[in-house]
Amino acid sequence: MASIGAISFPHNGFDAVIFDCDGTLVDSMPTHFESWCEALAKFGAGGVLREDVFYAMGGRPSRDIVLEINDLYGFKLDPDAIALAKREAYFKRLASITLIDEVAAFAQSLRGKVPMAIASGSNRQVVEKTLQLLDVSDWFDEVVTSDDVAEGKPAPDVFLHAAKLLGVTPLKCLVLEDAAPGILAAQRAGMQVLAIPMTLCYQSKVSPA
């Protein structure tokens, strides 16, 4: 498992906890970045996505990221085709992902005590495969993904839907998030937010193809 250093976790003041998946519970962001580089290169757009830009967009649905790349560079990339290629590239690398120690330990400490959910900007297939691989699917009462809502992060939809499924008012939900769009989404939902430090600095460890 990956470690991100000491985090001060609250022990009370909430009735439910909602976890982002990538970069919060799971150390998968480097793997997602590699997958984006491969997918974009496949469609002639290799090297356009800088690592710092990618992290700034963390938590947003793949389709939204492609649309932003199109706007930035004047491309006409097919969002659905790129998203599919990125998903396939990620699945090839699933073995490289791990849990983040401190967050996983916090989640384990709450099992059976408070309702818990995942609220992710990724699609359901990616999230479920990730949780299954790490053998943590049964930790969570609900899993909400970008497939389940009209708007992805930074809109509050995924968090509000998770709270509704858990039967807990948003004000009584604690959200754990690592990325700016997700933190903003949780704040817009009126929830308490614990920001998780990013597990990777912005210095590129991957050479985009």
# chains A, B, ... in the order shown; residues from 1 in each chain; ligands from 1
call {"tool": "residues_around", "arguments": {"residues": "region 181-188 of chain A", "least_positions_apart": "5", "cutoff": "6 Å", "atoms": "only C-alpha atoms", "output": "number ranges by chain"}}
result
A: 59, 153-156
call {"tool": "residues_around", "arguments": {"residues": "region 108-123 of chain A", "least_positions_apart": "2", "cutoff": "6 Å", "atoms": "only C-alpha atoms", "output": "ChimeraX atom specification"}}
result
/A:16-21,59-61,105-106,125-126,140-147,158
call {"tool": "select_by_dssp", "arguments": {"residues": "chain A", "states": "strand (DSSP E or B)", "output": "ChimeraX atom specification"}}
result
/A:2,16-19,22,26-27,98-100,116-119,142-144,173-177,192-195
call {"tool": "write_last_selection", "arguments": {"atoms": "C-alpha atoms", "output": "tab-separated table (two decimals), in the first residue's frame"}}
result
chain	number	residue	atom	x	y	z
A	2	ALA	CA	1.08	3.57	-0.59
A	16	ALA	CA	-21.70	9.18	7.13
A	17	VAL	CA	-18.41	9.24	5.22
A	18	ILE	CA	-18.05	9.54	1.46
A	19	PHE	CA	-14.73	8.71	-0.17
A	22	ASP	CA	-8.69	7.68	-7.26
A	26	VAL	CA	-6.52	4.33	-4.06
A	27	ASP	CA	-3.06	5.32	-5.28
A	98	THR	CA	-2.58	0.02	-4.39
A	99	LEU	CA	-4.60	1.30	-1.46
A	100	ILE	CA	-3.43	4.41	0.39
A	116	MET	CA	-19.91	4.77	3.86
A	117	ALA	CA	-19.95	5.40	0.12
A	118	ILE	CA	-17.64	5.92	-2.82
A	119	ALA	CA	-18.34	8.97	-5.01
A	142	GLU	CA	-23.06	2.56	-1.93
A	143	VAL	CA	-20.94	3.37	-4.97
A	144	VAL	CA	-21.79	6.44	-7.06
A	173	CYS	CA	-21.59	13.85	5.63
A	174	LEU	CA	-17.80	13.90	5.76
A	175	VAL	CA	-16.09	13.76	2.36
A	176	LEU	CA	-12.49	12.67	1.79
A	177	GLU	CA	-11.08	14.16	-1.44
A	192	GLN	CA	-17.64	18.65	5.55
A	193	VAL	CA	-14.43	18.04	3.59
A	194	LEU	CA	-11.12	16.49	4.60
A	195	ALA	CA	-8.52	17.24	1.91
call {"tool": "select_by_dssp", "arguments": {"residues": "region 16-196 of chain A", "states": "helix (DSSP H, G or I)", "output": "short mmCIF file (atom, residue, chain, number, x, y, z; two decimals) with C-alpha atoms, in the first residue's frame"}}
result
data_model
loop_
_atom_site.label_atom_id
_atom_site.label_comp_id
_atom_site.auth_asym_id
_atom_site.auth_seq_id
_atom_site.Cartn_x
_atom_site.Cartn_y
_atom_site.Cartn_z
CA MET A 29 -3.47 8.61 -10.33
CA PRO A 30 -0.07 7.84 -11.90
CA THR A 31 -1.69 4.86 -13.60
CA HIS A 32 -4.55 7.02 -14.88
CA PHE A 33 -2.04 9.55 -16.24
CA GLU A 34 -0.10 6.86 -18.11
CA SER A 35 -3.40 5.59 -19.52
CA TRP A 36 -4.39 9.07 -20.72
CA CYS A 37 -1.02 9.49 -22.44
CA GLU A 38 -1.43 6.17 -24.25
CA ALA A 39 -5.01 6.88 -25.30
CA LEU A 40 -4.28 10.39 -26.60
CA ALA A 41 -1.21 9.18 -28.50
CA LYS A 42 -3.35 6.54 -30.18
CA GLU A 51 0.93 16.08 -15.72
CA ASP A 52 0.17 19.21 -13.70
CA VAL A 53 -2.87 19.91 -15.88
CA PHE A 54 -4.04 16.34 -15.46
CA TYR A 55 -3.86 16.54 -11.68
CA ALA A 56 -5.68 19.87 -11.68
CA SER A 62 -13.18 11.44 -18.95
CA ARG A 63 -15.57 12.94 -21.47
CA ASP A 64 -15.26 16.38 -19.85
CA ILE A 65 -11.47 16.15 -19.93
CA VAL A 66 -11.48 15.36 -23.66
CA LEU A 67 -13.81 18.27 -24.36
CA GLU A 68 -11.46 20.60 -22.47
CA ILE A 69 -8.46 19.30 -24.44
CA ASN A 70 -10.40 19.98 -27.64
CA ASP A 71 -11.09 23.54 -26.50
CA LEU A 72 -7.49 24.15 -25.47
CA TYR A 73 -5.87 22.86 -28.64
CA PRO A 79 -14.74 12.05 -26.41
CA ASP A 80 -16.32 8.60 -26.37
CA ALA A 81 -13.54 6.98 -28.40
CA ILE A 82 -10.82 8.55 -26.26
CA ALA A 83 -12.61 7.60 -23.05
CA LEU A 84 -12.88 3.99 -24.22
CA ALA A 85 -9.20 3.85 -25.23
CA LYS A 86 -8.20 5.37 -21.88
CA ARG A 87 -10.32 2.85 -19.98
CA GLU A 88 -8.75 -0.05 -21.88
CA ALA A 89 -5.27 1.32 -21.22
CA TYR A 90 -6.09 1.62 -17.51
CA PHE A 91 -7.36 -1.95 -17.29
CA LYS A 92 -4.03 -3.16 -18.69
CA LEU A 94 -4.65 -2.44 -12.94
CA ALA A 95 -2.00 -4.55 -11.23
CA SER A 96 0.00 -1.39 -10.48
CA ASP A 101 -2.55 3.20 3.88
CA GLU A 102 -3.94 5.93 6.09
CA VAL A 103 -7.22 6.38 4.24
CA ALA A 104 -7.80 2.63 3.99
CA ALA A 105 -7.16 2.26 7.73
CA PHE A 106 -9.64 5.04 8.46
CA ALA A 107 -12.27 3.35 6.28
CA GLN A 108 -11.65 0.02 8.00
CA SER A 109 -12.06 1.62 11.42
CA LEU A 110 -15.54 2.85 10.43
CA ARG A 124 -18.80 2.52 -12.92
CA GLN A 125 -16.82 -0.17 -14.71
CA VAL A 126 -13.50 1.43 -13.76
CA VAL A 127 -14.49 2.04 -10.14
CA GLU A 128 -15.93 -1.42 -9.59
CA LYS A 129 -12.94 -3.18 -11.14
CA THR A 130 -10.61 -1.08 -8.99
CA LEU A 131 -12.48 -1.85 -5.75
CA GLN A 132 -12.78 -5.53 -6.63
CA LEU A 133 -9.07 -5.85 -7.41
CA SER A 137 -15.95 -3.57 -2.46
CA ASP A 138 -17.77 -4.78 0.64
CA TRP A 139 -16.46 -1.90 2.72
CA SER A 146 -20.18 9.67 -13.20
CA ASP A 147 -22.57 7.22 -14.89
CA ASP A 148 -25.16 7.88 -12.18
CA ASP A 157 -24.23 15.72 -7.99
CA VAL A 158 -22.21 12.61 -7.08
CA PHE A 159 -21.98 13.61 -3.43
CA LEU A 160 -25.62 14.60 -3.12
CA HIS A 161 -26.69 11.34 -4.74
CA ALA A 162 -24.44 9.36 -2.39
CA ALA A 163 -25.92 11.12 0.64
CA LYS A 164 -29.43 10.39 -0.61
CA LEU A 165 -28.64 6.69 -1.06
CA LEU A 166 -27.10 6.54 2.41
CA PRO A 170 -25.49 16.40 3.34
CA LEU A 171 -24.58 18.55 6.34
CA LYS A 172 -23.84 15.37 8.30
CA ALA A 180 -9.63 20.53 -6.41
CA PRO A 181 -12.73 19.70 -8.53
CA GLY A 182 -13.84 17.10 -5.99
CA ILE A 183 -13.20 19.36 -3.01
CA LEU A 184 -15.25 22.09 -4.67
CA ALA A 185 -18.03 19.60 -5.47
CA ALA A 186 -18.22 18.49 -1.84
CA GLN A 187 -18.28 22.08 -0.63
CA ARG A 188 -21.07 22.87 -3.07
#
call {"tool": "atom_distance", "arguments": {"atom1": "CA of Gly47 (chain A)", "atom2": "CA of Glu151 (chain A)"}}
result
27.6 Å
call {"tool": "closest_residue", "arguments": {"among": "A:Ile196, A:Val149, A:Ser8, A:Asp15", "to": "Val168 (chain A)", "atoms": "only C-alpha atoms"}}
result
A:Asp15
call {"tool": "atom_distance", "arguments": {"atom1": "CA of Ala179 (chain A)", "atom2": "CA of Phe14 (chain A)"}}
result
21.3 Å
